[in-house]
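Have a look at start08.cif below; it lists mmCIF, N, CA and C atoms.
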data_input
loop_
_atom_site.label_atom_id
_atom_site.label_comp_id
_atom_site.auth_asym_id
_atom_site.auth_seq_id
_atom_site.Cartn_x
_atom_site.Cartn_y
_atom_site.Cartn_z
N MET B 1 0.85 -1.18 0.00
CA MET B 1 0.00 0.00 0.00
C MET B 1 0.89 1.23 0.00
N THR B 2 0.56 2.16 -0.86
CA THR B 2 1.30 3.41 -0.99
C THR B 2 0.66 4.47 -0.11
N THR B 3 1.49 5.30 0.53
CA THR B 3 1.00 6.44 1.30
C THR B 3 1.62 7.69 0.72
N VAL B 4 0.78 8.69 0.41
CA VAL B 4 1.26 9.96 -0.14
C VAL B 4 0.63 11.10 0.65
N ASN B 5 1.30 12.26 0.63
CA ASN B 5 0.71 13.42 1.29
C ASN B 5 -0.25 14.11 0.32
N VAL B 6 -1.03 15.03 0.83
CA VAL B 6 -2.07 15.68 0.04
C VAL B 6 -1.48 16.38 -1.18
N ARG B 7 -0.40 17.09 -0.98
CA ARG B 7 0.20 17.84 -2.09
C ARG B 7 0.61 16.89 -3.22
N GLU B 8 1.25 15.77 -2.86
CA GLU B 8 1.66 14.80 -3.87
C GLU B 8 0.43 14.18 -4.54
N ALA B 9 -0.61 13.92 -3.77
CA ALA B 9 -1.83 13.34 -4.33
C ALA B 9 -2.45 14.27 -5.37
N LYS B 10 -2.44 15.57 -5.08
CA LYS B 10 -2.97 16.53 -6.05
C LYS B 10 -2.14 16.53 -7.33
N ALA B 11 -0.83 16.50 -7.17
CA ALA B 11 0.06 16.60 -8.32
C ALA B 11 0.12 15.30 -9.12
N GLN B 12 -0.09 14.17 -8.47
CA GLN B 12 0.10 12.86 -9.10
C GLN B 12 -1.18 12.03 -9.18
N LEU B 13 -2.33 12.69 -9.23
CA LEU B 13 -3.59 11.97 -9.17
C LEU B 13 -3.72 10.92 -10.28
N SER B 14 -3.34 11.25 -11.49
CA SER B 14 -3.46 10.30 -12.59
C SER B 14 -2.63 9.05 -12.33
N ARG B 15 -1.41 9.23 -11.84
CA ARG B 15 -0.54 8.10 -11.54
C ARG B 15 -1.14 7.26 -10.40
N LEU B 16 -1.67 7.92 -9.39
CA LEU B 16 -2.26 7.21 -8.26
C LEU B 16 -3.49 6.41 -8.71
N LEU B 17 -4.29 7.00 -9.58
CA LEU B 17 -5.46 6.29 -10.09
C LEU B 17 -5.05 5.06 -10.88
N ALA B 18 -3.97 5.17 -11.62
CA ALA B 18 -3.47 4.01 -12.37
C ALA B 18 -3.05 2.90 -11.41
N GLN B 19 -2.43 3.27 -10.30
CA GLN B 19 -2.04 2.28 -9.29
C GLN B 19 -3.28 1.60 -8.71
N VAL B 20 -4.30 2.39 -8.44
CA VAL B 20 -5.55 1.85 -7.87
C VAL B 20 -6.21 0.91 -8.87
N GLU B 21 -6.22 1.30 -10.14
CA GLU B 21 -6.81 0.44 -11.17
C GLU B 21 -6.06 -0.87 -11.29
N ALA B 22 -4.77 -0.84 -10.94
CA ALA B 22 -3.95 -2.07 -10.99
C ALA B 22 -4.15 -2.93 -9.74
N GLY B 23 -5.00 -2.47 -8.81
CA GLY B 23 -5.31 -3.27 -7.64
C GLY B 23 -4.68 -2.81 -6.35
N GLU B 24 -3.93 -1.73 -6.39
CA GLU B 24 -3.26 -1.25 -5.18
C GLU B 24 -4.15 -0.27 -4.43
N GLU B 25 -4.00 -0.19 -3.12
CA GLU B 25 -4.67 0.82 -2.32
C GLU B 25 -3.69 1.94 -2.06
N VAL B 26 -4.19 3.18 -2.07
CA VAL B 26 -3.36 4.34 -1.82
C VAL B 26 -3.96 5.10 -0.65
N THR B 27 -3.12 5.41 0.33
CA THR B 27 -3.55 6.20 1.48
C THR B 27 -3.07 7.63 1.30
N ILE B 28 -3.97 8.58 1.52
CA ILE B 28 -3.61 9.99 1.45
C ILE B 28 -3.52 10.51 2.88
N ALA B 29 -2.39 11.14 3.19
CA ALA B 29 -2.14 11.61 4.56
C ALA B 29 -1.96 13.12 4.58
N ARG B 30 -2.32 13.70 5.71
CA ARG B 30 -2.09 15.12 5.97
C ARG B 30 -1.21 15.19 7.21
N ASN B 31 -0.05 15.80 7.08
CA ASN B 31 0.91 15.88 8.18
C ASN B 31 1.25 14.50 8.73
N GLY B 32 1.35 13.55 7.85
CA GLY B 32 1.74 12.20 8.25
C GLY B 32 0.63 11.35 8.84
N LYS B 33 -0.56 11.91 8.97
CA LYS B 33 -1.70 11.15 9.52
C LYS B 33 -2.64 10.76 8.39
N PRO B 34 -2.98 9.47 8.26
CA PRO B 34 -3.89 9.02 7.20
C PRO B 34 -5.24 9.72 7.29
N VAL B 35 -5.71 10.19 6.15
CA VAL B 35 -6.98 10.91 6.08
C VAL B 35 -7.98 10.19 5.18
N ALA B 36 -7.48 9.63 4.07
CA ALA B 36 -8.37 8.99 3.10
C ALA B 36 -7.66 7.83 2.43
N ARG B 37 -8.47 6.97 1.83
CA ARG B 37 -7.93 5.80 1.12
C ARG B 37 -8.54 5.76 -0.27
N LEU B 38 -7.70 5.61 -1.27
CA LEU B 38 -8.19 5.41 -2.64
C LEU B 38 -8.22 3.92 -2.91
N VAL B 39 -9.38 3.43 -3.27
CA VAL B 39 -9.53 2.01 -3.59
C VAL B 39 -10.36 1.91 -4.86
N ALA B 40 -10.20 0.82 -5.57
CA ALA B 40 -10.95 0.61 -6.81
C ALA B 40 -12.43 0.40 -6.50
N CYS B 41 -13.26 0.90 -7.38
CA CYS B 41 -14.70 0.68 -7.27
C CYS B 41 -15.01 -0.72 -7.76
N LYS B 42 -15.99 -1.33 -7.12
CA LYS B 42 -16.45 -2.63 -7.60
C LYS B 42 -17.28 -2.39 -8.86
N PRO B 43 -17.02 -3.16 -9.90
CA PRO B 43 -17.82 -2.97 -11.12
C PRO B 43 -19.28 -3.33 -10.85
N LYS B 44 -20.17 -2.59 -11.48
CA LYS B 44 -21.60 -2.89 -11.33
C LYS B 44 -21.91 -4.18 -12.06
N ARG B 45 -22.67 -5.01 -11.39
CA ARG B 45 -23.08 -6.27 -12.02
C ARG B 45 -24.31 -6.03 -12.85
N LYS B 46 -24.33 -6.61 -14.02
CA LYS B 46 -25.50 -6.49 -14.87
C LYS B 46 -26.61 -7.37 -14.30
N PRO B 47 -27.85 -6.88 -14.33
CA PRO B 47 -28.96 -7.69 -13.84
C PRO B 47 -29.07 -8.99 -14.63
N GLN B 48 -29.35 -10.05 -13.93
CA GLN B 48 -29.53 -11.34 -14.57
C GLN B 48 -30.93 -11.85 -14.23
N PRO B 49 -31.91 -11.48 -15.06
CA PRO B 49 -33.30 -11.79 -14.72
C PRO B 49 -33.60 -13.27 -14.57
N ASP B 50 -32.88 -14.14 -15.24
CA ASP B 50 -33.18 -15.57 -15.17
C ASP B 50 -32.26 -16.33 -14.23
N VAL B 51 -31.56 -15.62 -13.34
CA VAL B 51 -30.57 -16.27 -12.49
C VAL B 51 -31.19 -17.33 -11.57
N LEU B 52 -32.45 -17.15 -11.18
CA LEU B 52 -33.10 -18.12 -10.28
C LEU B 52 -34.06 -19.06 -11.02
N LYS B 53 -34.08 -18.95 -12.34
CA LYS B 53 -34.98 -19.81 -13.12
C LYS B 53 -34.62 -21.28 -12.88
N GLY B 54 -35.63 -22.07 -12.55
CA GLY B 54 -35.41 -23.48 -12.28
C GLY B 54 -35.00 -23.77 -10.85
N ILE B 55 -34.66 -22.72 -10.09
CA ILE B 55 -34.26 -22.91 -8.69
C ILE B 55 -35.45 -22.65 -7.77
N ILE B 56 -36.22 -21.61 -8.08
CA ILE B 56 -37.40 -21.31 -7.28
C ILE B 56 -38.61 -21.32 -8.19
N SER B 57 -39.77 -21.48 -7.58
CA SER B 57 -41.01 -21.40 -8.35
C SER B 57 -42.03 -20.67 -7.49
N ILE B 58 -42.95 -20.01 -8.15
CA ILE B 58 -43.99 -19.26 -7.45
C ILE B 58 -45.31 -19.96 -7.71
N ASP B 59 -45.97 -20.32 -6.63
CA ASP B 59 -47.26 -20.99 -6.71
C ASP B 59 -48.28 -20.05 -7.35
N GLU B 60 -49.16 -20.58 -8.16
CA GLU B 60 -50.17 -19.77 -8.84
C GLU B 60 -51.06 -19.02 -7.84
N ARG B 61 -51.22 -19.56 -6.63
CA ARG B 61 -52.05 -18.88 -5.62
C ARG B 61 -51.49 -17.53 -5.25
N PHE B 62 -50.20 -17.30 -5.48
CA PHE B 62 -49.57 -16.03 -5.16
C PHE B 62 -50.25 -14.87 -5.88
N PHE B 63 -50.76 -15.12 -7.08
CA PHE B 63 -51.35 -14.08 -7.90
C PHE B 63 -52.85 -13.89 -7.66
N GLU B 64 -53.43 -14.74 -6.81
CA GLU B 64 -54.86 -14.61 -6.52
C GLU B 64 -55.07 -13.47 -5.52
N PRO B 65 -56.24 -12.81 -5.61
CA PRO B 65 -56.53 -11.73 -4.67
C PRO B 65 -56.57 -12.27 -3.23
N LEU B 66 -56.19 -11.43 -2.29
CA LEU B 66 -56.25 -11.83 -0.88
C LEU B 66 -57.70 -11.88 -0.42
N PRO B 67 -58.00 -12.77 0.53
CA PRO B 67 -59.36 -12.81 1.08
C PRO B 67 -59.67 -11.50 1.82
N GLU B 68 -60.94 -11.18 1.93
CA GLU B 68 -61.38 -9.95 2.60
C GLU B 68 -60.83 -9.84 4.02
N GLU B 69 -60.81 -10.97 4.75
CA GLU B 69 -60.32 -10.95 6.14
C GLU B 69 -58.85 -10.50 6.19
N GLU B 70 -58.05 -10.97 5.25
CA GLU B 70 -56.64 -10.60 5.19
C GLU B 70 -56.49 -9.12 4.86
N LEU B 71 -57.27 -8.64 3.91
CA LEU B 71 -57.22 -7.23 3.54
C LEU B 71 -57.59 -6.33 4.70
N GLU B 72 -58.58 -6.74 5.51
CA GLU B 72 -58.97 -5.97 6.68
C GLU B 72 -57.85 -5.88 7.69
N LEU B 73 -57.11 -6.98 7.86
CA LEU B 73 -55.97 -6.96 8.79
C LEU B 73 -54.89 -5.98 8.35
N TRP B 74 -54.75 -5.80 7.05
CA TRP B 74 -53.76 -4.87 6.51
C TRP B 74 -54.31 -3.45 6.41
N GLY B 75 -55.57 -3.27 6.71
CA GLY B 75 -56.18 -1.95 6.67
C GLY B 75 -56.46 -1.46 5.26
N VAL B 76 -56.67 -2.42 4.37
CA VAL B 76 -56.93 -2.03 2.96
C VAL B 76 -58.41 -2.08 2.69
#

Would you kindly transcribe this structure into structure tokens?
Amino acid sequence: MTTVNVREAKAQLSRLLAQVEAGEEVTIARNGKPVARLVACKPKRKPQPDVLKGIISIDERFFEPLPEEELELWGV
């Protein structure tokens, strides 16, 4: 892990970002005390709509209207 002071971080931001993209963590310090950490962002995962297909199933009763007694309990 690399530690740099604020002034160096300002001057070398592109280089530091390249290090982070390569998997390294960079600590930014002020007067020798760590203040912040640069770390790579986790890539966003694309939605996978069929990921649970064949693993779970929904009973047809799920789509039926709730009985009146149940609706009253929910205040609907």

Apply the PyMOL selection byres ((chain B and resi 3) around 6) to the structure shown and report the selected residues as a PyMOL selection string.
chain B and resi 1-2+4-5+26-29

Run DSSP on the backbone of this structure and report the residues of segment 6-53 of chain B it assigns to alpha helix (DSSP H), as a VMD selection string.
chain B and resid 6 to 11 13 to 21

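The set of residues that the PyMOL selection byres (((chain B and resi 20 and name CA) around 12) and name CA) takes from this file is B:Met1, B:Thr2, B:Leu13, B:Ser14, B:Arg15, B:Leu16, B:Leu17, B:Ala18, B:Gln19, B:Glu21, B:Ala22, B:Gly23, B:Glu24, B:Glu25, B:Val26, B:Thr27, B:Arg37, B:Leu38, B:Val39, B:Ala40, B:Cys41, B:Lys42.
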
Report as a PyMOL selection string: the residues of chain B with a DSSP assignment of strand (DSSP E), based on the backbone of this structure.
chain B and resi 2-5+26-30+33-38

Those same residues, written as a PDB file, keeping the file's coordinate frame with N, CA and C atoms?
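Below is the file that was written, part-v7.pdb:
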ATOM      1  N   THR B   2       0.560   2.160  -0.860  1.00  0.00           N
ATOM      2  CA  THR B   2       1.300   3.410  -0.990  1.00  0.00           C
ATOM      3  C   THR B   2       0.660   4.470  -0.110  1.00  0.00           C
ATOM      4  N   THR B   3       1.490   5.300   0.530  1.00  0.00           N
ATOM      5  CA  THR B   3       1.000   6.440   1.300  1.00  0.00           C
ATOM      6  C   THR B   3       1.620   7.690   0.720  1.00  0.00           C
ATOM      7  N   VAL B   4       0.780   8.690   0.410  1.00  0.00           N
ATOM      8  CA  VAL B   4       1.260   9.960  -0.140  1.00  0.00           C
ATOM      9  C   VAL B   4       0.630  11.100   0.650  1.00  0.00           C
ATOM     10  N   ASN B   5       1.300  12.260   0.630  1.00  0.00           N
ATOM     11  CA  ASN B   5       0.710  13.420   1.290  1.00  0.00           C
ATOM     12  C   ASN B   5      -0.250  14.110   0.320  1.00  0.00           C
ATOM     13  N   VAL B  26      -4.190   3.180  -2.070  1.00  0.00           N
ATOM     14  CA  VAL B  26      -3.360   4.340  -1.820  1.00  0.00           C
ATOM     15  C   VAL B  26      -3.960   5.100  -0.650  1.00  0.00           C
ATOM     16  N   THR B  27      -3.120   5.410   0.330  1.00  0.00           N
ATOM     17  CA  THR B  27      -3.550   6.200   1.480  1.00  0.00           C
ATOM     18  C   THR B  27      -3.070   7.630   1.300  1.00  0.00           C
ATOM     19  N   ILE B  28      -3.970   8.580   1.520  1.00  0.00           N
ATOM     20  CA  ILE B  28      -3.610   9.990   1.450  1.00  0.00           C
ATOM     21  C   ILE B  28      -3.520  10.510   2.880  1.00  0.00           C
ATOM     22  N   ALA B  29      -2.390  11.140   3.190  1.00  0.00           N
ATOM     23  CA  ALA B  29      -2.140  11.610   4.560  1.00  0.00           C
ATOM     24  C   ALA B  29      -1.960  13.120   4.580  1.00  0.00           C
ATOM     25  N   ARG B  30      -2.320  13.700   5.710  1.00  0.00           N
ATOM     26  CA  ARG B  30      -2.090  15.120   5.970  1.00  0.00           C
ATOM     27  C   ARG B  30      -1.210  15.190   7.210  1.00  0.00           C
ATOM     28  N   LYS B  33      -0.560  11.910   8.970  1.00  0.00           N
ATOM     29  CA  LYS B  33      -1.700  11.150   9.520  1.00  0.00           C
ATOM     30  C   LYS B  33      -2.640  10.760   8.390  1.00  0.00           C
ATOM     31  N   PRO B  34      -2.980   9.470   8.260  1.00  0.00           N
ATOM     32  CA  PRO B  34      -3.890   9.020   7.200  1.00  0.00           C
ATOM     33  C   PRO B  34      -5.240   9.720   7.290  1.00  0.00           C
ATOM     34  N   VAL B  35      -5.710  10.190   6.150  1.00  0.00           N
ATOM     35  CA  VAL B  35      -6.980  10.910   6.080  1.00  0.00           C
ATOM     36  C   VAL B  35      -7.980  10.190   5.180  1.00  0.00           C
ATOM     37  N   ALA B  36      -7.480   9.630   4.070  1.00  0.00           N
ATOM     38  CA  ALA B  36      -8.370   8.990   3.100  1.00  0.00           C
ATOM     39  C   ALA B  36      -7.660   7.830   2.430  1.00  0.00           C
ATOM     40  N   ARG B  37      -8.470   6.970   1.830  1.00  0.00           N
ATOM     41  CA  ARG B  37      -7.930   5.800   1.120  1.00  0.00           C
ATOM     42  C   ARG B  37      -8.540   5.760  -0.270  1.00  0.00           C
ATOM     43  N   LEU B  38      -7.700   5.610  -1.270  1.00  0.00           N
ATOM     44  CA  LEU B  38      -8.190   5.410  -2.640  1.00  0.00           C
ATOM     45  C   LEU B  38      -8.220   3.920  -2.910  1.00  0.00           C
TER      46      LEU B  38
END

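For the pair atom N of Asp50 of chain B and atom C of Phe63 of chain B, the interatomic distance is 21.4 Å.
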
So how far away is atom N of Ala11 of chain B from atom CA of Pro34 of chain B, in Å?
16.5 Å
